[in-house]
$ cat entry02.cif   # mmCIF, C-alpha atoms and all ligand atoms
data_final
loop_
_atom_site.group_PDB
_atom_site.id
_atom_site.type_symbol
_atom_site.label_atom_id
_atom_site.label_comp_id
_atom_site.auth_asym_id
_atom_site.auth_seq_id
_atom_site.Cartn_x
_atom_site.Cartn_y
_atom_site.Cartn_z
ATOM 1 C CA MET W 1 0.000 0.000 0.000
ATOM 2 C CA LYS W 2 2.746 2.368 1.081
ATOM 3 C CA LYS W 3 4.712 1.459 -1.958
ATOM 4 C CA SER W 4 1.866 2.073 -4.403
ATOM 5 C CA LEU W 5 1.049 5.414 -2.778
ATOM 6 C CA PHE W 6 4.650 6.372 -3.230
ATOM 7 C CA ALA W 7 4.554 5.259 -6.855
ATOM 8 C CA LEU W 8 1.387 7.280 -7.403
ATOM 9 C CA ALA W 9 2.876 10.376 -5.803
ATOM 10 C CA PHE W 10 6.009 9.979 -7.866
ATOM 11 C CA ALA W 11 4.014 9.478 -11.060
ATOM 12 C CA SER W 12 1.944 12.607 -10.521
ATOM 13 C CA LEU W 13 5.038 14.599 -9.626
ATOM 14 C CA PHE W 14 6.655 13.416 -12.832
ATOM 15 C CA ALA W 15 3.526 14.275 -14.809
ATOM 16 C CA ALA W 16 3.414 17.744 -13.283
ATOM 17 C CA SER W 17 7.066 18.491 -13.957
ATOM 18 C CA CYS W 18 6.946 17.579 -17.640
ATOM 19 C CA ALA W 19 3.290 18.054 -18.341
ATOM 20 C CA PHE W 20 3.680 18.289 -22.078
ATOM 21 C CA ALA W 21 5.150 15.762 -24.439
ATOM 22 C CA ALA W 22 7.727 16.885 -26.968
ATOM 23 C CA TYR W 23 6.352 18.239 -30.222
ATOM 24 C CA VAL W 24 6.242 15.705 -33.046
ATOM 25 C CA PRO W 25 5.521 17.213 -36.488
ATOM 26 C CA GLY W 26 2.301 15.808 -37.954
ATOM 27 C CA GLU W 27 1.409 14.007 -34.707
ATOM 28 C CA THR W 28 1.091 16.723 -32.069
ATOM 29 C CA LYS W 29 -2.446 18.094 -32.147
ATOM 30 C CA LYS W 30 -2.223 20.802 -29.491
ATOM 31 C CA LEU W 31 0.338 23.256 -28.172
ATOM 32 C CA VAL W 32 0.180 24.727 -24.685
ATOM 33 C CA VAL W 33 1.220 28.336 -25.162
ATOM 34 C CA GLY W 34 2.186 30.553 -22.256
ATOM 35 C CA THR W 35 1.510 34.263 -22.170
ATOM 36 C CA SER W 36 1.264 37.136 -19.696
ATOM 37 C CA CYS W 37 -1.954 39.031 -20.300
ATOM 38 C CA THR W 38 -1.288 42.502 -18.888
ATOM 39 C CA TYR W 39 0.415 44.099 -21.886
ATOM 40 C CA PRO W 40 -2.055 45.495 -24.436
ATOM 41 C CA PRO W 41 -2.052 45.510 -27.450
ATOM 42 C CA TYR W 42 0.231 42.432 -27.365
ATOM 43 C CA GLU W 43 -1.882 40.449 -24.875
ATOM 44 C CA PHE W 44 -4.597 41.298 -22.410
ATOM 45 C CA VAL W 45 -7.718 39.704 -21.017
ATOM 46 C CA SER W 46 -10.803 40.680 -23.035
ATOM 47 C CA PRO W 47 -14.026 41.759 -21.290
ATOM 48 C CA GLU W 48 -15.217 38.192 -21.975
ATOM 49 C CA GLY W 49 -12.259 36.896 -19.948
ATOM 50 C CA LYS W 50 -10.255 35.521 -22.874
ATOM 51 C CA PRO W 51 -6.623 36.182 -23.914
ATOM 52 C CA SER W 52 -6.733 38.740 -26.750
ATOM 53 C CA GLY W 53 -4.374 40.914 -28.731
ATOM 54 C CA PHE W 54 -1.752 40.910 -31.459
ATOM 55 C CA ASP W 55 0.343 38.033 -30.079
ATOM 56 C CA ILE W 56 -2.734 35.931 -29.379
ATOM 57 C CA GLU W 57 -4.039 36.250 -32.949
ATOM 58 C CA LEU W 58 -0.553 35.757 -34.390
ATOM 59 C CA MET W 59 -0.076 32.522 -32.422
ATOM 60 C CA GLU W 60 -3.552 31.304 -33.396
ATOM 61 C CA ALA W 61 -2.634 31.929 -37.053
ATOM 62 C CA ILE W 62 0.664 30.061 -36.597
ATOM 63 C CA GLY W 63 -1.237 27.159 -34.996
ATOM 64 C CA ALA W 64 -3.712 27.084 -37.900
ATOM 65 C CA LYS W 65 -0.829 26.949 -40.424
ATOM 66 C CA MET W 66 0.824 24.124 -38.446
ATOM 67 C CA GLY W 67 -2.449 22.229 -38.002
ATOM 68 C CA VAL W 68 -2.337 22.354 -34.187
ATOM 69 C CA ALA W 69 -4.808 23.765 -31.677
ATOM 70 C CA ILE W 70 -3.624 26.344 -29.156
ATOM 71 C CA GLU W 71 -4.365 26.017 -25.450
ATOM 72 C CA TRP W 72 -3.583 29.275 -23.629
ATOM 73 C CA PHE W 73 -1.840 29.353 -20.271
ATOM 74 C CA ASP W 74 -1.847 32.883 -18.844
ATOM 75 C CA THR W 75 0.655 33.256 -16.015
ATOM 76 C CA GLY W 76 -0.335 36.873 -15.354
ATOM 77 C CA LYS W 77 3.088 37.692 -13.947
ATOM 78 C CA PHE W 78 5.791 38.026 -16.608
ATOM 79 C CA ASP W 79 8.547 36.584 -14.417
ATOM 80 C CA SER W 80 6.414 33.465 -13.794
ATOM 81 C CA LEU W 81 6.170 33.035 -17.545
ATOM 82 C CA LEU W 82 9.954 33.339 -17.917
ATOM 83 C CA ALA W 83 10.333 30.637 -15.252
ATOM 84 C CA ALA W 84 7.800 28.313 -16.930
ATOM 85 C CA ILE W 85 9.568 28.177 -20.308
ATOM 86 C CA PRO W 86 12.839 26.330 -19.535
ATOM 87 C CA THR W 87 11.033 23.705 -17.432
ATOM 88 C CA GLY W 88 8.716 22.668 -20.267
ATOM 89 C CA LYS W 89 5.547 23.686 -18.393
ATOM 90 C CA VAL W 90 4.575 25.252 -21.715
ATOM 91 C CA ASP W 91 5.454 24.162 -25.239
ATOM 92 C CA CYS W 92 6.228 27.752 -26.130
ATOM 93 C CA ALA W 93 5.428 31.290 -25.038
ATOM 94 C CA ILE W 94 4.469 34.508 -26.794
ATOM 95 C CA ALA W 95 4.367 37.698 -24.747
ATOM 96 C CA GLY W 96 5.960 40.635 -26.560
ATOM 97 C CA MET W 97 9.149 39.006 -25.385
ATOM 98 C CA SER W 98 12.510 40.429 -26.372
ATOM 99 C CA ALA W 99 14.868 37.707 -27.582
ATOM 100 C CA THR W 100 17.903 38.822 -25.601
ATOM 101 C CA LYS W 101 21.237 36.971 -25.529
ATOM 102 C CA GLU W 102 20.836 36.600 -21.762
ATOM 103 C CA ARG W 103 17.465 34.814 -22.096
ATOM 104 C CA ALA W 104 18.760 32.720 -25.000
ATOM 105 C CA LYS W 105 21.030 30.915 -22.542
ATOM 106 C CA ARG W 106 17.911 29.418 -20.932
ATOM 107 C CA MET W 107 15.460 29.186 -23.845
ATOM 108 C CA LEU W 108 15.246 28.782 -27.590
ATOM 109 C CA PHE W 109 13.810 31.643 -29.653
ATOM 110 C CA SER W 110 11.972 31.551 -32.964
ATOM 111 C CA ASP W 111 12.839 34.012 -35.706
ATOM 112 C CA ILE W 112 12.095 37.627 -34.796
ATOM 113 C CA TYR W 113 8.502 38.658 -35.628
ATOM 114 C CA GLU W 114 8.586 42.223 -34.341
ATOM 115 C CA VAL W 115 11.042 45.017 -33.585
ATOM 116 C CA SER W 116 11.218 46.393 -30.074
ATOM 117 C CA HIS W 117 11.465 50.058 -29.060
ATOM 118 C CA SER W 118 10.613 51.480 -25.655
ATOM 119 C CA ALA W 119 9.650 54.877 -24.304
ATOM 120 C CA ILE W 120 9.371 56.650 -20.988
ATOM 121 C CA VAL W 121 5.719 57.494 -20.330
ATOM 122 C CA THR W 122 4.923 60.100 -17.677
ATOM 123 C CA LYS W 123 2.024 61.805 -15.981
ATOM 124 C CA ALA W 124 0.800 64.505 -18.374
ATOM 125 C CA SER W 125 2.125 67.294 -16.118
ATOM 126 C CA LEU W 126 5.781 66.193 -16.464
ATOM 127 C CA SER W 127 8.161 66.616 -19.410
ATOM 128 C CA PRO W 128 11.492 64.855 -18.806
ATOM 129 C CA LYS W 129 13.639 64.880 -21.954
ATOM 130 C CA ASN W 130 16.267 62.343 -20.887
ATOM 131 C CA ASP W 131 17.319 60.097 -18.000
ATOM 132 C CA ALA W 132 18.974 63.004 -16.134
ATOM 133 C CA ASP W 133 15.543 64.694 -15.913
ATOM 134 C CA LEU W 134 14.179 61.693 -13.959
ATOM 135 C CA LYS W 135 16.021 62.955 -10.867
ATOM 136 C CA GLY W 136 13.729 62.988 -7.843
ATOM 137 C CA LEU W 137 10.897 61.184 -9.670
ATOM 138 C CA VAL W 138 9.303 57.819 -8.850
ATOM 139 C CA GLY W 139 9.104 55.338 -11.716
ATOM 140 C CA SER W 140 7.908 51.782 -12.252
ATOM 141 C CA VAL W 141 8.643 48.785 -14.454
ATOM 142 C CA GLN W 142 7.243 45.295 -14.819
ATOM 143 C CA GLN W 143 9.352 42.751 -12.966
ATOM 144 C CA GLY W 144 11.508 40.463 -15.123
ATOM 145 C CA THR W 145 11.333 42.663 -18.221
ATOM 146 C CA VAL W 146 14.116 44.271 -20.202
ATOM 147 C CA GLN W 147 12.662 47.567 -18.966
ATOM 148 C CA GLU W 148 13.597 46.537 -15.429
ATOM 149 C CA THR W 149 17.081 45.513 -16.597
ATOM 150 C CA ALA W 150 17.459 48.928 -18.257
ATOM 151 C CA LEU W 151 16.421 51.121 -15.322
ATOM 152 C CA LEU W 152 17.434 49.244 -12.177
ATOM 153 C CA PRO W 153 21.197 49.714 -12.647
ATOM 154 C CA ILE W 154 20.924 53.478 -13.363
ATOM 155 C CA LYS W 155 18.417 54.573 -10.728
ATOM 156 C CA ASP W 156 21.034 55.618 -8.166
ATOM 157 C CA GLN W 157 23.200 57.335 -10.748
ATOM 158 C CA PHE W 158 20.252 59.454 -11.952
ATOM 159 C CA GLY W 159 18.561 59.771 -8.570
ATOM 160 C CA PHE W 160 15.107 58.309 -9.215
ATOM 161 C CA GLU W 161 13.102 55.703 -7.327
ATOM 162 C CA LEU W 162 11.895 52.527 -9.018
ATOM 163 C CA LYS W 163 8.900 50.380 -8.082
ATOM 164 C CA LEU W 164 8.646 46.844 -9.480
ATOM 165 C CA PHE W 165 5.264 45.333 -10.334
ATOM 166 C CA PRO W 166 4.765 41.684 -11.376
ATOM 167 C CA LYS W 167 1.837 42.712 -13.633
ATOM 168 C CA PHE W 168 2.267 45.550 -16.095
ATOM 169 C CA ASP W 169 -1.217 47.034 -15.687
ATOM 170 C CA ASP W 170 -0.306 47.868 -12.066
ATOM 171 C CA CYS W 171 2.463 50.167 -13.387
ATOM 172 C CA MET W 172 -0.178 52.108 -15.290
ATOM 173 C CA LEU W 173 -2.721 52.175 -12.452
ATOM 174 C CA ASP W 174 -0.064 53.460 -10.074
ATOM 175 C CA MET W 175 0.772 56.293 -12.477
ATOM 176 C CA VAL W 176 -2.785 57.338 -13.300
ATOM 177 C CA THR W 177 -3.627 57.482 -9.611
ATOM 178 C CA GLY W 178 -0.602 59.753 -9.068
ATOM 179 C CA ARG W 179 1.577 57.462 -6.980
ATOM 180 C CA THR W 180 4.302 57.158 -9.628
ATOM 181 C CA ASP W 181 5.564 59.699 -12.151
ATOM 182 C CA PHE W 182 6.775 57.520 -15.011
ATOM 183 C CA SER W 183 7.086 54.027 -16.416
ATOM 184 C CA LEU W 184 9.107 52.424 -19.215
ATOM 185 C CA MET W 185 7.343 50.236 -21.807
ATOM 186 C CA ASP W 186 7.210 49.162 -25.444
ATOM 187 C CA ILE W 187 5.972 52.081 -27.574
ATOM 188 C CA PRO W 188 2.796 50.325 -28.908
ATOM 189 C CA VAL W 189 1.797 49.686 -25.274
ATOM 190 C CA ALA W 190 2.187 53.401 -24.536
ATOM 191 C CA HIS W 191 -0.063 54.290 -27.497
ATOM 192 C CA LYS W 192 -2.664 51.770 -26.427
ATOM 193 C CA TYR W 193 -2.886 53.144 -22.875
ATOM 194 C CA MET W 194 -2.934 56.778 -24.038
ATOM 195 C CA ALA W 195 -6.029 55.943 -26.099
ATOM 196 C CA MET W 196 -7.926 54.319 -23.201
ATOM 197 C CA PRO W 197 -10.675 56.532 -21.719
ATOM 198 C CA ALA W 198 -9.299 56.093 -18.175
ATOM 199 C CA PHE W 199 -5.838 57.319 -19.246
ATOM 200 C CA GLN W 200 -6.593 59.806 -22.061
ATOM 201 C CA GLY W 201 -4.991 63.205 -21.387
ATOM 202 C CA LYS W 202 -3.506 61.961 -18.107
ATOM 203 C CA ILE W 203 -0.332 60.354 -19.455
ATOM 204 C CA LYS W 204 2.049 61.052 -22.345
ATOM 205 C CA ILE W 205 5.146 59.719 -24.070
ATOM 206 C CA ALA W 206 8.096 61.782 -22.810
ATOM 207 C CA TYR W 207 11.020 60.312 -24.769
ATOM 208 C CA SER W 208 12.022 57.119 -26.499
ATOM 209 C CA LYS W 209 14.677 54.930 -24.978
ATOM 210 C CA ILE W 210 16.684 52.233 -26.721
ATOM 211 C CA ILE W 211 17.066 49.229 -24.423
ATOM 212 C CA THR W 212 18.524 46.022 -25.837
ATOM 213 C CA GLY W 213 17.605 46.409 -29.489
ATOM 214 C CA ALA W 214 16.569 42.716 -29.424
ATOM 215 C CA GLY W 215 13.413 41.984 -31.430
ATOM 216 C CA LYS W 216 10.428 40.001 -30.183
ATOM 217 C CA ALA W 217 10.235 36.268 -30.686
ATOM 218 C CA ILE W 218 8.405 33.159 -29.504
ATOM 219 C CA ALA W 219 10.279 31.331 -26.724
ATOM 220 C CA MET W 220 10.573 27.561 -26.240
ATOM 221 C CA PRO W 221 12.454 25.204 -23.944
ATOM 222 C CA LEU W 222 16.018 24.563 -25.146
ATOM 223 C CA GLY W 223 16.078 21.583 -27.500
ATOM 224 C CA SER W 224 12.669 22.303 -29.093
ATOM 225 C CA ASP W 225 14.260 22.336 -32.533
ATOM 226 C CA ALA W 226 11.458 20.587 -34.445
ATOM 227 C CA LEU W 227 8.896 22.977 -32.970
ATOM 228 C CA ALA W 228 11.063 26.022 -33.714
ATOM 229 C CA ALA W 229 11.497 24.900 -37.325
ATOM 230 C CA ASP W 230 7.732 24.583 -37.879
ATOM 231 C CA ILE W 231 6.943 27.844 -36.065
ATOM 232 C CA ASN W 232 9.531 29.641 -38.227
ATOM 233 C CA LYS W 233 8.058 28.105 -41.392
ATOM 234 C CA ALA W 234 4.555 29.250 -40.400
ATOM 235 C CA LEU W 235 5.821 32.729 -39.428
ATOM 236 C CA ALA W 236 7.564 33.166 -42.776
ATOM 237 C CA ALA W 237 4.424 32.127 -44.661
ATOM 238 C CA LEU W 238 2.236 34.505 -42.619
ATOM 239 C CA GLU W 239 4.687 37.354 -43.173
ATOM 240 C CA ALA W 240 4.791 36.616 -46.919
ATOM 241 C CA ASP W 241 1.001 36.504 -47.369
ATOM 242 C CA GLY W 242 0.447 39.774 -45.455
ATOM 243 C CA THR W 243 -1.228 38.236 -42.391
ATOM 244 C CA VAL W 244 1.341 39.574 -39.914
ATOM 245 C CA GLN W 245 1.171 43.097 -41.347
ATOM 246 C CA ALA W 246 -2.646 42.996 -41.243
ATOM 247 C CA LEU W 247 -2.427 42.074 -37.552
ATOM 248 C CA ARG W 248 0.048 44.912 -36.895
ATOM 249 C CA ASP W 249 -2.385 47.328 -38.549
ATOM 250 C CA LYS W 250 -5.387 45.915 -36.681
ATOM 251 C CA TRP W 251 -3.703 46.186 -33.264
ATOM 252 C CA GLY W 252 -1.867 49.496 -33.839
ATOM 253 C CA ILE W 253 1.629 48.028 -33.607
ATOM 254 C CA LYS W 254 3.739 50.991 -34.705
ATOM 255 C CA PHE W 255 6.802 52.516 -33.162
ATOM 256 C CA GLU W 256 6.548 56.184 -34.144
ATOM 257 C CA ILE W 257 5.971 58.447 -31.161
HETATM 258 N N1 LIG B 1 9.568 43.409 -24.232
HETATM 259 C C1 LIG B 1 9.760 43.349 -22.808
HETATM 260 C C2 LIG B 1 10.568 42.127 -22.404
HETATM 261 O O1 LIG B 1 10.687 41.202 -23.141
HETATM 262 C C3 LIG B 1 8.466 43.405 -22.024
HETATM 263 C C4 LIG B 1 7.536 42.285 -22.275
HETATM 264 C C5 LIG B 1 6.378 42.276 -21.310
HETATM 265 N N2 LIG B 1 5.345 41.401 -21.804
HETATM 266 C C6 LIG B 1 4.201 41.119 -21.186
HETATM 267 N N3 LIG B 1 3.401 40.306 -21.787
HETATM 268 N N4 LIG B 1 3.908 41.613 -20.035
HETATM 269 O O2 LIG B 1 11.107 42.068 -21.322
#

$ encode --input "entry02.cif" --output "structure tokens"
Amino acid sequence: MKKSLFALAFASLFAASCAFAAYVPGETKKLVVGTSCTYPPYEFVSPEGKPSGFDIELMEAIGAKMGVAIEWFDTGKFDSLLAAIPTGKVDCAIAGMSATKERAKRMLFSDIYEVSHSAIVTKASLSPKNDADLKGLVGSVQQGTVQETALLPIKDQFGFELKLFPKFDDCMLDMVTGRTDFSLMDIPVAHKYMAMPAFQGKIKIAYSKIITGAGKAIAMPLGSDALAADINKALAALEADGTVQALRDKWGIKFEI
């Protein structure tokens, strides 16, 4: 009895730690795709409670091309998503994620599907022109992001405070309620928030800021070479037939300020 309980516990532990079988082209029918739904227009939870946005529709289109269904796994927190990828808790992840060299040590990236440019967004009453003007201000970034990596090491040098939030929408709520002065984000995210009724006229883009220069890509556990090859094939086809550009237009993915 003891022995079989142990075996059962071990079996379920094993199942939980590698919940998803490796992708086999032509055989795999479903991919579990991780995302972090607090970053519109890339991904957010729709009023109906479903993952929505540019990345969501792009991944659904990739799945359709590959002949696999997509099951969404929203971790909410971005750093939880980063942790879930190398362990194989998800087959892959799409979350406006910059394919940095640092991350590539722990995960495999698809081809780049999007450029990445960030900007400092402030309360409408402020007009910093560069990092030196952030002196004395309170800023925020989403934990685990390249925006955190960009600002954390320079906060003392430039004399600003930095709050870290696991979910990006909390950065924006904190600013619109006046508790923080600025946040750093991808430029399409800034445009999206500036257009929302709750934020309109209350926030603005102050200046653009180059972070890593790394483009956005889909992340997979290291060794997912067959999956990466098929994702890249589907991406190339969707870029060639205009689907990706149509999605960029639909979701307002543009990097002009
Ligand atoms: N591009 C940034 C990064 O890769 C931010 C991504 C945040 N994405 C999200 N879904 N919350 O670090």

$ resolve_selection --input "entry02.cif" --expression "the PyMOL selection byres (((not hetatm)) within 6 of (chain B and resi 1))" --output "list of chain:residue names"
W:Ser36, W:Cys37, W:Thr38, W:Tyr39, W:Phe78, W:Ala95, W:Gly96, W:Met97, W:Ser98, W:Thr145, W:Val146, W:Phe168

$ residues_around --input "entry02.cif" --residues "Ser52 (chain W)" --least-positions-apart "4" --cutoff "9 Å" --atoms "all atoms listed in the file" --output "PyMOL selection string"
chain W and resi 37+40-46+56-57

$ resolve_selection --input "entry02.cif" --expression "the PyMOL selection byres (((chain W and resi 28) around 12) and not hetatm)" --output "mmCIF file with C-alpha atoms, in the coordinates of the input"
data_model
loop_
_atom_site.group_PDB
_atom_site.id
_atom_site.type_symbol
_atom_site.label_atom_id
_atom_site.label_comp_id
_atom_site.auth_asym_id
_atom_site.auth_seq_id
_atom_site.Cartn_x
_atom_site.Cartn_y
_atom_site.Cartn_z
ATOM 1 C CA PHE W 20 3.680 18.289 -22.078
ATOM 2 C CA ALA W 21 5.150 15.762 -24.439
ATOM 3 C CA ALA W 22 7.727 16.885 -26.968
ATOM 4 C CA TYR W 23 6.352 18.239 -30.222
ATOM 5 C CA VAL W 24 6.242 15.705 -33.046
ATOM 6 C CA PRO W 25 5.521 17.213 -36.488
ATOM 7 C CA GLY W 26 2.301 15.808 -37.954
ATOM 8 C CA GLU W 27 1.409 14.007 -34.707
ATOM 9 C CA LYS W 29 -2.446 18.094 -32.147
ATOM 10 C CA LYS W 30 -2.223 20.802 -29.491
ATOM 11 C CA LEU W 31 0.338 23.256 -28.172
ATOM 12 C CA VAL W 32 0.180 24.727 -24.685
ATOM 13 C CA GLY W 63 -1.237 27.159 -34.996
ATOM 14 C CA MET W 66 0.824 24.124 -38.446
ATOM 15 C CA GLY W 67 -2.449 22.229 -38.002
ATOM 16 C CA VAL W 68 -2.337 22.354 -34.187
ATOM 17 C CA ALA W 69 -4.808 23.765 -31.677
ATOM 18 C CA ILE W 70 -3.624 26.344 -29.156
ATOM 19 C CA ASP W 91 5.454 24.162 -25.239
ATOM 20 C CA ALA W 226 11.458 20.587 -34.445
ATOM 21 C CA LEU W 227 8.896 22.977 -32.970
ATOM 22 C CA ASP W 230 7.732 24.583 -37.879
#

$ axis_aligned_box --input "entry02.cif" --around "region 193-211 of chain W" --padding-each-side "6 Å" --output "AutoDock Vina command-line options"
--center_x 3.2 --center_y 56.2 --center_z -22.4 --size_x 39.7 --size_y 26.0 --size_z 20.6

$ closest_atom_pairs --input "entry02.cif" --of "region 142-242 of chain W" --to "region 79-90 of chain W" --cutoff "9 Å" --atoms "all atoms listed in the file" --output "tab-separated table"
residue	atom	partner	partner_atom	distance
W:Gln142	CA	W:Asp79	CA	8.8
W:Gln143	CA	W:Asp79	CA	6.4
W:Gly144	CA	W:Asp79	CA	4.9
W:Thr145	CA	W:Asp79	CA	7.7
W:Pro166	CA	W:Asp79	CA	7.0
W:Ala219	CA	W:Ile85	CA	7.2
W:Met220	CA	W:Ile85	CA	6.0
W:Pro221	CA	W:Pro86	CA	4.6
W:Leu222	CA	W:Pro86	CA	6.7

$ atom_distance --input "entry02.cif" --atom1 "CA of Phe182 (chain W)" --atom2 "CA of Phe199 (chain W)"
13.3 Å

$ residues_around --input "entry02.cif" --residues "region 246-253 of chain W" --least-positions-apart "4" --cutoff "12 Å" --atoms "all atoms listed in the file" --output "number ranges by chain"
W: 40-44, 52-61, 96, 113-117, 186-193, 195, 238-242, 257

$ closest_residue --input "entry02.cif" --among "W:Ile203, W:Ile112, W:Val141, W:Cys92" --to "Ala124 (chain W)" --atoms "only C-alpha atoms"
W:Ile203

$ closest_residue --input "entry02.cif" --among "W:Leu126, W:Met185, W:Leu108, W:Ala198" --to "Ala229 (chain W)" --atoms "all atoms listed in the file"
W:Leu108

$ residues_around --input "entry02.cif" --residues "Lys204 (chain W)" --least-positions-apart "4" --cutoff "7 Å" --atoms "only C-alpha atoms" --output "PyMOL selection string"
chain W and resi 121-124+194

$ atom_distance --input "entry02.cif" --atom1 "CA of Ala217 (chain W)" --atom2 "CA of Asn130 (chain W)"
28.5 Å

$ atom_distance --input "entry02.cif" --atom1 "CA of Gly139 (chain W)" --atom2 "CA of Leu151 (chain W)"
9.2 Å

$ residues_around --input "entry02.cif" --residues "Thr35 (chain W)" --least-positions-apart "6" --cutoff "6 Å" --atoms "only C-alpha atoms" --output "PDB file with C-alpha atoms, keeping the file's coordinate frame"
ATOM      1  CA  ASP W  74      -1.847  32.883 -18.844  1.00  0.00           C
ATOM      2  CA  ALA W  93       5.428  31.290 -25.038  1.00  0.00           C
ATOM      3  CA  ILE W  94       4.469  34.508 -26.794  1.00  0.00           C
ATOM      4  CA  ALA W  95       4.367  37.698 -24.747  1.00  0.00           C
TER       5      ALA W  95
END

$ closest_residue --input "entry02.cif" --among "W:Met196, W:Ala228, W:Ile62, W:Pro153" --to "Met107 (chain W)" --atoms "all atoms listed in the file"
W:Ala228

$ residues_around --input "entry02.cif" --residues "Asp156 (chain W)" --least-positions-apart "4" --cutoff "12 Å" --atoms "all atoms listed in the file" --output "PDB file with C-alpha atoms, in the frame of the given file"
ATOM      1  CA  ASP W 131      17.319  60.097 -18.000  1.00  0.00           C
ATOM      2  CA  ALA W 132      18.974  63.004 -16.134  1.00  0.00           C
ATOM      3  CA  LEU W 134      14.179  61.693 -13.959  1.00  0.00           C
ATOM      4  CA  LYS W 135      16.021  62.955 -10.867  1.00  0.00           C
ATOM      5  CA  GLY W 136      13.729  62.988  -7.843  1.00  0.00           C
ATOM      6  CA  LEU W 137      10.897  61.184  -9.670  1.00  0.00           C
ATOM      7  CA  VAL W 138       9.303  57.819  -8.850  1.00  0.00           C
ATOM      8  CA  LEU W 151      16.421  51.121 -15.322  1.00  0.00           C
ATOM      9  CA  LEU W 152      17.434  49.244 -12.177  1.00  0.00           C
ATOM     10  CA  PHE W 160      15.107  58.309  -9.215  1.00  0.00           C
ATOM     11  CA  GLU W 161      13.102  55.703  -7.327  1.00  0.00           C
ATOM     12  CA  LEU W 162      11.895  52.527  -9.018  1.00  0.00           C
TER      13      LEU W 162
END

$ closest_residue --input "entry02.cif" --among "W:Ile218, W:Phe255, W:Gly213, W:Ala119" --to "Ile231 (chain W)" --atoms "all atoms listed in the file"
W:Ile218

$ decode --input "entry02.cif" --residues "region 151-169 of chain W" --atoms "C-alpha atoms" --output "PDB file, in the first residue's frame"
ATOM      1  CA  LEU W 151      16.421  51.121 -15.322  1.00  0.00           C
ATOM      2  CA  LEU W 152      17.434  49.244 -12.177  1.00  0.00           C
ATOM      3  CA  PRO W 153      21.197  49.714 -12.647  1.00  0.00           C
ATOM      4  CA  ILE W 154      20.924  53.478 -13.363  1.00  0.00           C
ATOM      5  CA  LYS W 155      18.417  54.573 -10.728  1.00  0.00           C
ATOM      6  CA  ASP W 156      21.034  55.618  -8.166  1.00  0.00           C
ATOM      7  CA  GLN W 157      23.200  57.335 -10.748  1.00  0.00           C
ATOM      8  CA  PHE W 158      20.252  59.454 -11.952  1.00  0.00           C
ATOM      9  CA  GLY W 159      18.561  59.771  -8.570  1.00  0.00           C
ATOM     10  CA  PHE W 160      15.107  58.309  -9.215  1.00  0.00           C
ATOM     11  CA  GLU W 161      13.102  55.703  -7.327  1.00  0.00           C
ATOM     12  CA  LEU W 162      11.895  52.527  -9.018  1.00  0.00           C
ATOM     13  CA  LYS W 163       8.900  50.380  -8.082  1.00  0.00           C
ATOM     14  CA  LEU W 164       8.646  46.844  -9.480  1.00  0.00           C
ATOM     15  CA  PHE W 165       5.264  45.333 -10.334  1.00  0.00           C
ATOM     16  CA  PRO W 166       4.765  41.684 -11.376  1.00  0.00           C
ATOM     17  CA  LYS W 167       1.837  42.712 -13.633  1.00  0.00           C
ATOM     18  CA  PHE W 168       2.267  45.550 -16.095  1.00  0.00           C
ATOM     19  CA  ASP W 169      -1.217  47.034 -15.687  1.00  0.00           C
TER      20      ASP W 169
END
